[in-house]
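Engineer: Structure supplied as work-v2.txt; contents: compact mmCIF, N, CA and C atoms.
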```txt
# COMPACT_ATOMS: atom_id res chain seq x y z
N MET A 429 19.67 126.92 103.44
CA MET A 429 18.59 126.30 104.18
C MET A 429 18.73 126.64 105.65
N GLU A 430 17.61 126.88 106.32
CA GLU A 430 17.65 127.17 107.75
C GLU A 430 17.18 125.96 108.53
N ASN A 431 17.78 125.76 109.72
CA ASN A 431 17.31 124.67 110.55
C ASN A 431 16.11 125.13 111.37
N LEU A 432 15.63 124.31 112.27
CA LEU A 432 14.42 124.64 113.03
C LEU A 432 14.59 125.85 113.92
N GLN A 433 15.80 126.18 114.30
CA GLN A 433 16.02 127.33 115.16
C GLN A 433 16.29 128.60 114.36
N GLY A 434 16.19 128.52 113.04
CA GLY A 434 16.39 129.69 112.21
C GLY A 434 17.84 130.00 111.91
N HIS A 435 18.75 129.09 112.20
CA HIS A 435 20.16 129.31 111.92
C HIS A 435 20.48 128.80 110.53
N GLN A 436 21.39 129.44 109.87
CA GLN A 436 21.79 129.05 108.52
C GLN A 436 22.51 127.71 108.55
N MET A 437 21.99 126.74 107.83
CA MET A 437 22.64 125.44 107.73
C MET A 437 23.76 125.54 106.70
N GLN A 438 24.83 124.83 106.93
CA GLN A 438 26.00 124.93 106.08
C GLN A 438 26.04 123.88 104.98
N ASN A 439 25.21 122.85 105.05
CA ASN A 439 25.25 121.77 104.08
C ASN A 439 24.04 121.84 103.16
N ASN A 440 24.10 121.09 102.06
CA ASN A 440 23.01 121.14 101.11
C ASN A 440 21.77 120.43 101.63
N VAL A 441 20.62 120.78 101.04
CA VAL A 441 19.33 120.26 101.49
C VAL A 441 19.27 118.74 101.41
N ASP A 442 19.78 118.15 100.34
CA ASP A 442 19.70 116.70 100.17
C ASP A 442 20.40 115.97 101.31
N PHE A 443 21.59 116.44 101.73
CA PHE A 443 22.30 115.76 102.80
C PHE A 443 21.58 115.94 104.13
N VAL A 444 21.04 117.13 104.39
CA VAL A 444 20.29 117.36 105.63
C VAL A 444 19.09 116.43 105.68
N ASP A 445 18.35 116.32 104.58
CA ASP A 445 17.19 115.43 104.53
C ASP A 445 17.61 113.98 104.71
N MET A 446 18.74 113.60 104.14
CA MET A 446 19.24 112.23 104.20
C MET A 446 19.61 111.83 105.63
N THR A 447 20.07 112.77 106.44
CA THR A 447 20.51 112.44 107.79
C THR A 447 19.35 112.20 108.74
N GLY A 448 18.20 112.77 108.46
CA GLY A 448 17.06 112.65 109.36
C GLY A 448 17.16 113.53 110.59
N ILE A 449 18.05 114.51 110.57
CA ILE A 449 18.19 115.41 111.72
C ILE A 449 17.00 116.34 111.79
N LYS A 450 16.43 116.42 112.98
CA LYS A 450 15.31 117.33 113.24
C LYS A 450 15.82 118.65 113.81
N ASP A 451 16.83 118.57 114.71
CA ASP A 451 17.30 119.77 115.39
C ASP A 451 18.71 119.53 115.94
N ILE A 452 19.50 120.60 115.95
CA ILE A 452 20.80 120.60 116.62
C ILE A 452 20.74 121.72 117.65
N TRP A 453 20.69 121.33 118.93
CA TRP A 453 20.61 122.29 120.03
C TRP A 453 22.01 122.49 120.59
N ILE A 454 22.42 123.75 120.66
CA ILE A 454 23.74 124.10 121.19
C ILE A 454 23.52 124.95 122.43
N GLU A 455 23.91 124.41 123.57
CA GLU A 455 23.66 125.07 124.85
C GLU A 455 24.15 126.52 124.86
N ALA A 456 25.32 126.77 124.31
CA ALA A 456 25.92 128.11 124.36
C ALA A 456 25.05 129.16 123.68
N GLU A 457 24.22 128.76 122.74
CA GLU A 457 23.34 129.72 122.07
C GLU A 457 22.25 130.25 123.01
N ASN A 458 22.10 129.62 124.16
CA ASN A 458 21.12 130.06 125.16
C ASN A 458 21.74 130.90 126.26
N TRP A 459 23.04 131.07 126.21
CA TRP A 459 23.73 131.89 127.21
C TRP A 459 23.48 133.36 126.93
N ASP A 460 23.74 134.20 127.93
CA ASP A 460 23.62 135.64 127.76
C ASP A 460 24.60 136.11 126.69
N GLU A 461 24.22 137.17 126.00
CA GLU A 461 25.08 137.72 124.96
C GLU A 461 26.46 138.06 125.52
N GLY A 462 27.47 137.70 124.79
CA GLY A 462 28.84 137.96 125.21
C GLY A 462 29.45 136.88 126.07
N GLN A 463 28.68 135.87 126.47
CA GLN A 463 29.20 134.79 127.31
C GLN A 463 29.86 133.67 126.51
N TRP A 464 29.58 133.61 125.22
CA TRP A 464 30.06 132.53 124.37
C TRP A 464 31.25 133.01 123.56
N THR A 465 32.38 132.34 123.73
CA THR A 465 33.59 132.65 122.97
C THR A 465 33.93 131.40 122.15
N PRO A 466 33.49 131.32 120.89
CA PRO A 466 33.65 130.09 120.11
C PRO A 466 35.08 129.57 119.98
N ILE A 467 36.09 130.41 120.11
CA ILE A 467 37.47 129.96 119.99
C ILE A 467 38.01 129.39 121.31
N ASP A 468 37.41 129.78 122.43
CA ASP A 468 37.89 129.34 123.75
C ASP A 468 36.69 129.05 124.65
N ASP A 469 36.02 127.93 124.38
CA ASP A 469 34.83 127.60 125.18
C ASP A 469 34.51 126.12 125.06
N ASN A 470 33.47 125.72 125.77
CA ASN A 470 32.92 124.38 125.65
C ASN A 470 31.42 124.48 125.74
N THR A 471 30.72 123.54 125.12
CA THR A 471 29.26 123.59 125.10
C THR A 471 28.70 122.20 124.85
N ASP A 472 27.57 121.93 125.48
CA ASP A 472 26.84 120.69 125.20
C ASP A 472 26.07 120.86 123.90
N VAL A 473 25.96 119.76 123.16
CA VAL A 473 25.22 119.74 121.90
C VAL A 473 24.32 118.52 121.92
N ILE A 474 23.05 118.73 121.60
CA ILE A 474 22.09 117.62 121.49
C ILE A 474 21.58 117.59 120.07
N VAL A 475 21.70 116.43 119.45
CA VAL A 475 21.21 116.22 118.09
C VAL A 475 19.95 115.36 118.19
N SER A 476 18.84 115.90 117.69
CA SER A 476 17.56 115.19 117.68
C SER A 476 17.25 114.76 116.26
N PHE A 477 16.81 113.52 116.13
CA PHE A 477 16.46 112.97 114.83
C PHE A 477 14.95 112.86 114.68
N GLU A 478 14.49 112.85 113.45
CA GLU A 478 13.06 112.77 113.15
C GLU A 478 12.41 111.55 113.80
N ASP A 479 13.14 110.45 113.96
CA ASP A 479 12.57 109.22 114.53
C ASP A 479 12.52 109.24 116.06
N GLY A 480 12.90 110.38 116.68
CA GLY A 480 12.81 110.53 118.14
C GLY A 480 14.11 110.28 118.89
N ARG A 481 15.12 109.71 118.24
CA ARG A 481 16.39 109.49 118.91
C ARG A 481 17.08 110.82 119.18
N LYS A 482 17.79 110.88 120.32
CA LYS A 482 18.56 112.07 120.68
C LYS A 482 19.94 111.62 121.14
N TYR A 483 20.95 112.42 120.78
CA TYR A 483 22.33 112.14 121.13
C TYR A 483 22.97 113.40 121.70
N VAL A 484 23.92 113.21 122.62
CA VAL A 484 24.58 114.34 123.26
C VAL A 484 26.09 114.16 123.20
N ALA A 485 26.77 115.29 123.12
CA ALA A 485 28.23 115.34 123.23
C ALA A 485 28.58 116.73 123.75
N THR A 486 29.77 116.84 124.33
CA THR A 486 30.26 118.13 124.79
C THR A 486 31.46 118.50 123.94
N PHE A 487 31.37 119.66 123.31
CA PHE A 487 32.43 120.16 122.45
C PHE A 487 33.33 121.10 123.25
N PHE A 488 34.64 120.86 123.19
CA PHE A 488 35.66 121.71 123.82
C PHE A 488 36.59 122.18 122.72
N THR A 489 36.96 123.45 122.75
CA THR A 489 38.00 123.90 121.83
C THR A 489 39.35 123.51 122.41
N TYR A 490 40.33 123.37 121.54
CA TYR A 490 41.68 123.06 122.00
C TYR A 490 42.15 124.13 122.98
N LYS A 491 41.87 125.38 122.64
CA LYS A 491 42.30 126.49 123.50
C LYS A 491 41.60 126.42 124.86
N ASN A 492 40.33 126.00 124.88
CA ASN A 492 39.60 125.92 126.13
C ASN A 492 40.19 124.88 127.08
N ILE A 493 40.73 123.82 126.54
CA ILE A 493 41.38 122.81 127.40
C ILE A 493 42.53 123.47 128.15
N GLN A 494 43.35 124.26 127.44
CA GLN A 494 44.46 124.95 128.12
C GLN A 494 43.93 125.96 129.13
N THR A 495 42.87 126.68 128.79
CA THR A 495 42.27 127.63 129.73
C THR A 495 41.80 126.92 130.99
N LEU A 496 41.18 125.75 130.83
CA LEU A 496 40.71 124.99 131.99
C LEU A 496 41.87 124.46 132.81
N ILE A 497 42.93 124.00 132.16
CA ILE A 497 44.12 123.54 132.88
C ILE A 497 44.70 124.68 133.71
N ASP A 498 44.83 125.85 133.09
CA ASP A 498 45.38 127.02 133.80
C ASP A 498 44.50 127.39 135.00
N LYS A 499 43.18 127.36 134.81
CA LYS A 499 42.25 127.65 135.91
C LYS A 499 42.41 126.62 137.02
N ASN A 500 42.48 125.34 136.62
CA ASN A 500 42.58 124.28 137.62
C ASN A 500 43.89 124.34 138.40
N LYS A 501 44.95 124.82 137.79
CA LYS A 501 46.21 125.01 138.51
C LYS A 501 46.04 126.03 139.63
N LYS A 502 45.23 127.04 139.38
CA LYS A 502 44.99 128.09 140.39
C LYS A 502 44.01 127.65 141.46
N THR A 503 42.98 126.87 141.05
CA THR A 503 41.92 126.49 142.00
C THR A 503 42.22 125.18 142.73
N GLY A 504 43.15 124.40 142.19
CA GLY A 504 43.46 123.11 142.80
C GLY A 504 42.63 121.97 142.25
N GLU A 505 41.68 122.26 141.37
CA GLU A 505 40.85 121.21 140.78
C GLU A 505 41.70 120.28 139.91
N CYS A 506 41.23 119.07 139.73
CA CYS A 506 41.89 118.09 138.87
C CYS A 506 43.38 117.97 139.19
N MET A 507 43.64 117.80 140.48
CA MET A 507 45.03 117.67 140.96
C MET A 507 45.89 118.84 140.47
N ASN A 508 45.36 120.03 140.70
CA ASN A 508 46.07 121.26 140.31
C ASN A 508 46.37 121.31 138.81
N GLY A 509 45.38 120.86 137.99
CA GLY A 509 45.54 120.94 136.55
C GLY A 509 46.36 119.84 135.94
N ARG A 510 46.63 118.79 136.69
CA ARG A 510 47.47 117.70 136.17
C ARG A 510 46.71 116.72 135.28
N TYR A 511 45.36 116.81 135.31
CA TYR A 511 44.57 115.98 134.40
C TYR A 511 43.28 116.73 134.08
N PHE A 512 42.60 116.27 133.06
CA PHE A 512 41.30 116.81 132.70
C PHE A 512 40.54 115.72 131.97
N TRP A 513 39.27 115.64 132.26
CA TRP A 513 38.42 114.69 131.53
C TRP A 513 37.01 115.24 131.48
N ALA A 514 36.25 114.78 130.52
CA ALA A 514 34.82 115.07 130.41
C ALA A 514 34.19 113.93 129.63
N SER A 515 33.01 113.54 130.05
CA SER A 515 32.33 112.46 129.32
C SER A 515 31.85 112.99 127.97
N ASP A 516 31.86 112.15 127.00
CA ASP A 516 31.35 112.46 125.66
C ASP A 516 32.04 113.69 125.06
N MET A 517 33.34 113.83 125.31
CA MET A 517 34.09 115.00 124.87
C MET A 517 34.51 114.89 123.41
N ILE A 518 34.34 116.00 122.69
CA ILE A 518 34.84 116.15 121.33
C ILE A 518 35.71 117.40 121.32
N LEU A 519 36.95 117.26 120.87
CA LEU A 519 37.84 118.42 120.73
C LEU A 519 37.67 118.99 119.33
N ILE A 520 37.63 120.32 119.25
CA ILE A 520 37.37 120.99 117.98
C ILE A 520 38.10 122.32 117.98
N ASP A 521 38.38 122.85 116.81
CA ASP A 521 39.11 124.12 116.76
C ASP A 521 38.27 125.31 117.16
N GLU A 522 36.97 125.29 116.89
CA GLU A 522 36.07 126.36 117.35
C GLU A 522 34.68 125.79 117.57
N CYS A 523 33.98 126.34 118.55
CA CYS A 523 32.64 125.88 118.92
C CYS A 523 31.54 126.71 118.26
N SER A 524 31.72 127.08 117.03
CA SER A 524 30.67 127.84 116.33
C SER A 524 29.61 126.88 115.80
N ARG A 525 28.40 127.37 115.57
CA ARG A 525 27.35 126.53 115.01
C ARG A 525 27.80 125.94 113.68
N SER A 526 28.37 126.75 112.82
CA SER A 526 28.75 126.23 111.50
C SER A 526 29.77 125.10 111.61
N ARG A 527 30.76 125.23 112.50
CA ARG A 527 31.78 124.18 112.65
C ARG A 527 31.15 122.93 113.28
N ILE A 528 30.30 123.10 114.28
CA ILE A 528 29.65 121.96 114.93
C ILE A 528 28.78 121.21 113.92
N GLU A 529 28.00 121.93 113.13
CA GLU A 529 27.16 121.29 112.12
C GLU A 529 28.00 120.53 111.10
N LYS A 530 29.07 121.16 110.62
CA LYS A 530 29.94 120.49 109.65
C LYS A 530 30.49 119.20 110.22
N LEU A 531 30.90 119.23 111.48
CA LEU A 531 31.45 118.02 112.10
C LEU A 531 30.38 116.95 112.26
N ILE A 532 29.19 117.33 112.68
CA ILE A 532 28.10 116.35 112.83
C ILE A 532 27.81 115.67 111.50
N PHE A 533 27.67 116.46 110.44
CA PHE A 533 27.39 115.89 109.12
C PHE A 533 28.54 114.99 108.66
N HIS A 534 29.77 115.41 108.95
CA HIS A 534 30.94 114.60 108.59
C HIS A 534 30.90 113.26 109.33
N LEU A 535 30.61 113.30 110.62
CA LEU A 535 30.57 112.06 111.41
C LEU A 535 29.48 111.12 110.92
N ILE A 536 28.33 111.67 110.55
CA ILE A 536 27.25 110.84 110.02
C ILE A 536 27.68 110.23 108.69
N GLU A 537 28.25 111.05 107.83
CA GLU A 537 28.69 110.58 106.52
C GLU A 537 29.73 109.46 106.65
N LYS A 538 30.63 109.58 107.62
CA LYS A 538 31.69 108.60 107.84
C LYS A 538 31.23 107.44 108.73
N GLU A 539 29.95 107.46 109.14
CA GLU A 539 29.37 106.44 110.00
C GLU A 539 30.09 106.34 111.34
N GLU A 540 30.49 107.48 111.88
CA GLU A 540 31.18 107.54 113.17
C GLU A 540 30.35 108.25 114.24
N PHE A 541 29.22 108.83 113.84
CA PHE A 541 28.42 109.64 114.76
C PHE A 541 28.05 108.88 116.03
N GLU A 542 27.50 107.68 115.89
CA GLU A 542 27.03 106.92 117.06
C GLU A 542 28.16 106.38 117.92
N MET A 543 29.39 106.37 117.42
CA MET A 543 30.53 105.97 118.23
C MET A 543 30.98 107.12 119.12
N ILE A 544 30.70 108.34 118.71
CA ILE A 544 31.23 109.52 119.40
C ILE A 544 30.18 110.20 120.26
N PHE A 545 28.98 110.38 119.74
CA PHE A 545 27.88 110.95 120.51
C PHE A 545 27.24 109.85 121.36
N LYS A 546 26.73 110.22 122.52
CA LYS A 546 26.07 109.26 123.41
C LYS A 546 24.56 109.40 123.25
N GLU A 547 23.89 108.27 123.03
CA GLU A 547 22.43 108.31 122.88
C GLU A 547 21.79 108.60 124.24
N ILE A 548 20.81 109.48 124.21
CA ILE A 548 20.04 109.80 125.42
C ILE A 548 18.86 108.83 125.45
N THR A 549 18.79 108.03 126.49
CA THR A 549 17.72 107.07 126.65
C THR A 549 16.98 107.33 127.96
N ALA A 550 15.90 106.62 128.18
CA ALA A 550 15.15 106.78 129.44
C ALA A 550 16.03 106.45 130.64
N GLU A 551 16.95 105.50 130.46
CA GLU A 551 17.83 105.08 131.57
C GLU A 551 18.92 106.10 131.88
N ASN A 552 19.39 106.82 130.88
CA ASN A 552 20.51 107.73 131.13
C ASN A 552 20.13 109.18 130.80
N ASN A 553 18.85 109.51 130.82
CA ASN A 553 18.38 110.83 130.43
C ASN A 553 19.25 111.90 131.07
N VAL A 554 19.90 112.65 130.21
CA VAL A 554 20.88 113.66 130.64
C VAL A 554 20.17 114.91 131.13
```
Can you dump the structure from the file as structure tokens?

Structural biologist:
Amino acid sequence: MENLQGHQMQNNVDFVDMTGIKDIWIEAENWDEGQWTPIDDNTDVIVSFEDGRKYVATFFTYKNIQTLIDKNKKTGECMNGRYFWASDMILIDECSRSRIEKLIFHLIEKEEFEMIFKEITAENNV
């Protein structure tokens, strides 16, 4: 099954229909070719539901955290790499569409999605 953006969905049709997901937007898919490294990157993800609700989270690979720490040690950011934080952060082994989709469906199935993703509302429109 393909999603609205024409990407191959990894889960069966019944589960996709059951979730009410309209679209999964991955910021990195809009970057220039060659700019996205799924094993060492981070990207914002917005999940839109048929009922109009939208949720956002930022996915970081484990490797990307180390890359950012190393960069921050050189630039002096985050107390020279001594800390790192990001709002709505999810750590993942790779930032590929297939892995992100699998995790989203897993979180919905386990009823953890709304604890981890932040709802986008008129007050906090991201």

Engineer: May I have the residues within 8 Å of region 540-542 of chain A as a list in words, using all atoms listed in the file and disregarding those fewer than 6 positions away in the same chain?

Structural biologist: Leu531, Ile532 and His534 of chain A

Engineer: What does the distance from CA of Leu535 (chain A) to CA of Asn470 (chain A) come to in Å, to one decimal?

Structural biologist: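 These atoms are spaced 19.0 Å apart.
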
Engineer: Please tell me which residues are no farther than 12 Å from (38.3, 125.0, 118.6) in the file, counting only C-alpha atoms, and write them as an MDAnalysis selection string.

Structural biologist: chainID A and resid 465:471 487:494 518:528 531

Engineer: Output N, CA and C atoms of each residue in that selection to a file, as a PDB file, in the frame of the given file.

Structural biologist:
```pdb
ATOM      1  N   THR A 465      32.380 132.340 123.730  1.00  0.00           N
ATOM      2  CA  THR A 465      33.590 132.650 122.970  1.00  0.00           C
ATOM      3  C   THR A 465      33.930 131.400 122.150  1.00  0.00           C
ATOM      4  N   PRO A 466      33.490 131.320 120.890  1.00  0.00           N
ATOM      5  CA  PRO A 466      33.650 130.090 120.110  1.00  0.00           C
ATOM      6  C   PRO A 466      35.080 129.570 119.980  1.00  0.00           C
ATOM      7  N   ILE A 467      36.090 130.410 120.110  1.00  0.00           N
ATOM      8  CA  ILE A 467      37.470 129.960 119.990  1.00  0.00           C
ATOM      9  C   ILE A 467      38.010 129.390 121.310  1.00  0.00           C
ATOM     10  N   ASP A 468      37.410 129.780 122.430  1.00  0.00           N
ATOM     11  CA  ASP A 468      37.890 129.340 123.750  1.00  0.00           C
ATOM     12  C   ASP A 468      36.690 129.050 124.650  1.00  0.00           C
ATOM     13  N   ASP A 469      36.020 127.930 124.380  1.00  0.00           N
ATOM     14  CA  ASP A 469      34.830 127.600 125.180  1.00  0.00           C
ATOM     15  C   ASP A 469      34.510 126.120 125.060  1.00  0.00           C
ATOM     16  N   ASN A 470      33.470 125.720 125.770  1.00  0.00           N
ATOM     17  CA  ASN A 470      32.920 124.380 125.650  1.00  0.00           C
ATOM     18  C   ASN A 470      31.420 124.480 125.740  1.00  0.00           C
ATOM     19  N   THR A 471      30.720 123.540 125.120  1.00  0.00           N
ATOM     20  CA  THR A 471      29.260 123.590 125.100  1.00  0.00           C
ATOM     21  C   THR A 471      28.700 122.200 124.850  1.00  0.00           C
ATOM     22  N   PHE A 487      31.370 119.660 123.310  1.00  0.00           N
ATOM     23  CA  PHE A 487      32.430 120.160 122.450  1.00  0.00           C
ATOM     24  C   PHE A 487      33.330 121.100 123.250  1.00  0.00           C
ATOM     25  N   PHE A 488      34.640 120.860 123.190  1.00  0.00           N
ATOM     26  CA  PHE A 488      35.660 121.710 123.820  1.00  0.00           C
ATOM     27  C   PHE A 488      36.590 122.180 122.720  1.00  0.00           C
ATOM     28  N   THR A 489      36.960 123.450 122.750  1.00  0.00           N
ATOM     29  CA  THR A 489      38.000 123.900 121.830  1.00  0.00           C
ATOM     30  C   THR A 489      39.350 123.510 122.410  1.00  0.00           C
ATOM     31  N   TYR A 490      40.330 123.370 121.540  1.00  0.00           N
ATOM     32  CA  TYR A 490      41.680 123.060 122.000  1.00  0.00           C
ATOM     33  C   TYR A 490      42.150 124.130 122.980  1.00  0.00           C
ATOM     34  N   LYS A 491      41.870 125.380 122.640  1.00  0.00           N
ATOM     35  CA  LYS A 491      42.300 126.490 123.500  1.00  0.00           C
ATOM     36  C   LYS A 491      41.600 126.420 124.860  1.00  0.00           C
ATOM     37  N   ASN A 492      40.330 126.000 124.880  1.00  0.00           N
ATOM     38  CA  ASN A 492      39.600 125.920 126.130  1.00  0.00           C
ATOM     39  C   ASN A 492      40.190 124.880 127.080  1.00  0.00           C
ATOM     40  N   ILE A 493      40.730 123.820 126.540  1.00  0.00           N
ATOM     41  CA  ILE A 493      41.380 122.810 127.400  1.00  0.00           C
ATOM     42  C   ILE A 493      42.530 123.470 128.150  1.00  0.00           C
ATOM     43  N   GLN A 494      43.350 124.260 127.440  1.00  0.00           N
ATOM     44  CA  GLN A 494      44.460 124.950 128.120  1.00  0.00           C
ATOM     45  C   GLN A 494      43.930 125.960 129.130  1.00  0.00           C
ATOM     46  N   ILE A 518      34.340 116.000 122.690  1.00  0.00           N
ATOM     47  CA  ILE A 518      34.840 116.150 121.330  1.00  0.00           C
ATOM     48  C   ILE A 518      35.710 117.400 121.320  1.00  0.00           C
ATOM     49  N   LEU A 519      36.950 117.260 120.870  1.00  0.00           N
ATOM     50  CA  LEU A 519      37.840 118.420 120.730  1.00  0.00           C
ATOM     51  C   LEU A 519      37.670 118.990 119.330  1.00  0.00           C
ATOM     52  N   ILE A 520      37.630 120.320 119.250  1.00  0.00           N
ATOM     53  CA  ILE A 520      37.370 120.990 117.980  1.00  0.00           C
ATOM     54  C   ILE A 520      38.100 122.320 117.980  1.00  0.00           C
ATOM     55  N   ASP A 521      38.380 122.850 116.810  1.00  0.00           N
ATOM     56  CA  ASP A 521      39.110 124.120 116.760  1.00  0.00           C
ATOM     57  C   ASP A 521      38.270 125.310 117.160  1.00  0.00           C
ATOM     58  N   GLU A 522      36.970 125.290 116.890  1.00  0.00           N
ATOM     59  CA  GLU A 522      36.070 126.360 117.350  1.00  0.00           C
ATOM     60  C   GLU A 522      34.680 125.790 117.570  1.00  0.00           C
ATOM     61  N   CYS A 523      33.980 126.340 118.550  1.00  0.00           N
ATOM     62  CA  CYS A 523      32.640 125.880 118.920  1.00  0.00           C
ATOM     63  C   CYS A 523      31.540 126.710 118.260  1.00  0.00           C
ATOM     64  N   SER A 524      31.720 127.080 117.030  1.00  0.00           N
ATOM     65  CA  SER A 524      30.670 127.840 116.330  1.00  0.00           C
ATOM     66  C   SER A 524      29.610 126.880 115.800  1.00  0.00           C
ATOM     67  N   ARG A 525      28.400 127.370 115.570  1.00  0.00           N
ATOM     68  CA  ARG A 525      27.350 126.530 115.010  1.00  0.00           C
ATOM     69  C   ARG A 525      27.800 125.940 113.680  1.00  0.00           C
ATOM     70  N   SER A 526      28.370 126.750 112.820  1.00  0.00           N
ATOM     71  CA  SER A 526      28.750 126.230 111.500  1.00  0.00           C
ATOM     72  C   SER A 526      29.770 125.100 111.610  1.00  0.00           C
ATOM     73  N   ARG A 527      30.760 125.230 112.500  1.00  0.00           N
ATOM     74  CA  ARG A 527      31.780 124.180 112.650  1.00  0.00           C
ATOM     75  C   ARG A 527      31.150 122.930 113.280  1.00  0.00           C
ATOM     76  N   ILE A 528      30.300 123.100 114.280  1.00  0.00           N
ATOM     77  CA  ILE A 528      29.650 121.960 114.930  1.00  0.00           C
ATOM     78  C   ILE A 528      28.780 121.210 113.920  1.00  0.00           C
ATOM     79  N   LEU A 531      30.900 119.230 111.480  1.00  0.00           N
ATOM     80  CA  LEU A 531      31.450 118.020 112.100  1.00  0.00           C
ATOM     81  C   LEU A 531      30.380 116.950 112.260  1.00  0.00           C
TER      82      LEU A 531
END
```

Engineer: What does the distance from CA of Ser515 (chain A) to CA of Lys502 (chain A) come to in Å, to one decimal?

Structural biologist: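 According to the coordinates, CA of Ser515 (chain A) and CA of Lys502 (chain A) are separated by 23.0 Å.
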
Engineer: Mind pulling up the distance from CA of Glu547 (chain A) to CA of Ile497 (chain A)?

Structural biologist: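 CA of Glu547 (chain A) lies at a distance of 28.3 Å from CA of Ile497 (chain A).
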
Engineer: Where's the centre, and what are the edge lengths in Å to one decimal, of a box along x, y and z enclosing all listed atoms of region 510-522 of chain A padded 5 Å per side, as JSON?

Structural biologist:
```
{"center_x": 39.4, "center_y": 119.3, "center_z": 126.7, "size_x": 26.1, "size_y": 24.2, "size_z": 29.9}
```

Engineer: DSSP on the backbone, then: every residue of chain A marked strand (DSSP E or B), written as a short mmCIF file (atom, residue, chain, number, x, y, z; two decimals) with N, CA and C atoms, in the frame of the given file.

Structural biologist:
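And here is the file that came out, states.cif:
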```cif
data_model
loop_
_atom_site.label_atom_id
_atom_site.label_comp_id
_atom_site.auth_asym_id
_atom_site.auth_seq_id
_atom_site.Cartn_x
_atom_site.Cartn_y
_atom_site.Cartn_z
N GLU A 430 17.61 126.88 106.32
CA GLU A 430 17.65 127.17 107.75
C GLU A 430 17.18 125.96 108.53
N GLN A 436 21.39 129.44 109.87
CA GLN A 436 21.79 129.05 108.52
C GLN A 436 22.51 127.71 108.55
N ILE A 449 18.05 114.51 110.57
CA ILE A 449 18.19 115.41 111.72
C ILE A 449 17.00 116.34 111.79
N LYS A 450 16.43 116.42 112.98
CA LYS A 450 15.31 117.33 113.24
C LYS A 450 15.82 118.65 113.81
N ASP A 451 16.83 118.57 114.71
CA ASP A 451 17.30 119.77 115.39
C ASP A 451 18.71 119.53 115.94
N ILE A 452 19.50 120.60 115.95
CA ILE A 452 20.80 120.60 116.62
C ILE A 452 20.74 121.72 117.65
N TRP A 453 20.69 121.33 118.93
CA TRP A 453 20.61 122.29 120.03
C TRP A 453 22.01 122.49 120.59
N ILE A 454 22.42 123.75 120.66
CA ILE A 454 23.74 124.10 121.19
C ILE A 454 23.52 124.95 122.43
N ASN A 470 33.47 125.72 125.77
CA ASN A 470 32.92 124.38 125.65
C ASN A 470 31.42 124.48 125.74
N THR A 471 30.72 123.54 125.12
CA THR A 471 29.26 123.59 125.10
C THR A 471 28.70 122.20 124.85
N ASP A 472 27.57 121.93 125.48
CA ASP A 472 26.84 120.69 125.20
C ASP A 472 26.07 120.86 123.90
N VAL A 473 25.96 119.76 123.16
CA VAL A 473 25.22 119.74 121.90
C VAL A 473 24.32 118.52 121.92
N ILE A 474 23.05 118.73 121.60
CA ILE A 474 22.09 117.62 121.49
C ILE A 474 21.58 117.59 120.07
N VAL A 475 21.70 116.43 119.45
CA VAL A 475 21.21 116.22 118.09
C VAL A 475 19.95 115.36 118.19
N SER A 476 18.84 115.90 117.69
CA SER A 476 17.56 115.19 117.68
C SER A 476 17.25 114.76 116.26
N PHE A 477 16.81 113.52 116.13
CA PHE A 477 16.46 112.97 114.83
C PHE A 477 14.95 112.86 114.68
N LYS A 482 17.79 110.88 120.32
CA LYS A 482 18.56 112.07 120.68
C LYS A 482 19.94 111.62 121.14
N TYR A 483 20.95 112.42 120.78
CA TYR A 483 22.33 112.14 121.13
C TYR A 483 22.97 113.40 121.70
N VAL A 484 23.92 113.21 122.62
CA VAL A 484 24.58 114.34 123.26
C VAL A 484 26.09 114.16 123.20
N ALA A 485 26.77 115.29 123.12
CA ALA A 485 28.23 115.34 123.23
C ALA A 485 28.58 116.73 123.75
N THR A 486 29.77 116.84 124.33
CA THR A 486 30.26 118.13 124.79
C THR A 486 31.46 118.50 123.94
N PHE A 487 31.37 119.66 123.31
CA PHE A 487 32.43 120.16 122.45
C PHE A 487 33.33 121.10 123.25
N PHE A 488 34.64 120.86 123.19
CA PHE A 488 35.66 121.71 123.82
C PHE A 488 36.59 122.18 122.72
N THR A 489 36.96 123.45 122.75
CA THR A 489 38.00 123.90 121.83
C THR A 489 39.35 123.51 122.41
N MET A 517 33.34 113.83 125.31
CA MET A 517 34.09 115.00 124.87
C MET A 517 34.51 114.89 123.41
N ILE A 518 34.34 116.00 122.69
CA ILE A 518 34.84 116.15 121.33
C ILE A 518 35.71 117.40 121.32
N LEU A 519 36.95 117.26 120.87
CA LEU A 519 37.84 118.42 120.73
C LEU A 519 37.67 118.99 119.33
N ILE A 520 37.63 120.32 119.25
CA ILE A 520 37.37 120.99 117.98
C ILE A 520 38.10 122.32 117.98
N LYS A 546 26.73 110.22 122.52
CA LYS A 546 26.07 109.26 123.41
C LYS A 546 24.56 109.40 123.25
N GLU A 547 23.89 108.27 123.03
CA GLU A 547 22.43 108.31 122.88
C GLU A 547 21.79 108.60 124.24
N ILE A 548 20.81 109.48 124.21
CA ILE A 548 20.04 109.80 125.42
C ILE A 548 18.86 108.83 125.45
#
```

Engineer: Write out as a list of chain:residue names each polymer residue whose atoms come within 7 Å of Ile548 (chain A), counting all atoms listed in the file; drop sequence neighbours fewer than 6 positions from it.

Structural biologist: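 Returned residues: A:Arg481, A:Lys482, A:Tyr483, A:Val484, A:Val554.
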
Engineer: Taking the block above, write region 497-509 of chain A with C-alpha atoms as an mmCIF file, in the first residue's frame.

Structural biologist:
```cif
data_model
loop_
_atom_site.group_PDB
_atom_site.id
_atom_site.type_symbol
_atom_site.label_atom_id
_atom_site.label_comp_id
_atom_site.auth_asym_id
_atom_site.auth_seq_id
_atom_site.Cartn_x
_atom_site.Cartn_y
_atom_site.Cartn_z
ATOM 1 C CA ILE A 497 28.305 16.104 20.556
ATOM 2 C CA ASP A 498 31.554 15.993 18.556
ATOM 3 C CA LYS A 499 30.495 19.078 16.567
ATOM 4 C CA ASN A 500 29.504 20.923 19.732
ATOM 5 C CA LYS A 501 32.893 20.181 21.311
ATOM 6 C CA LYS A 502 34.504 21.984 18.360
ATOM 7 C CA THR A 503 32.031 24.887 18.162
ATOM 8 C CA GLY A 504 31.547 25.412 21.893
ATOM 9 C CA GLU A 505 27.780 24.876 21.700
ATOM 10 C CA CYS A 506 25.998 23.116 24.561
ATOM 11 C CA MET A 507 28.869 23.799 26.959
ATOM 12 C CA ASN A 508 31.384 22.336 24.532
ATOM 13 C CA GLY A 509 29.323 19.184 23.972
#
```
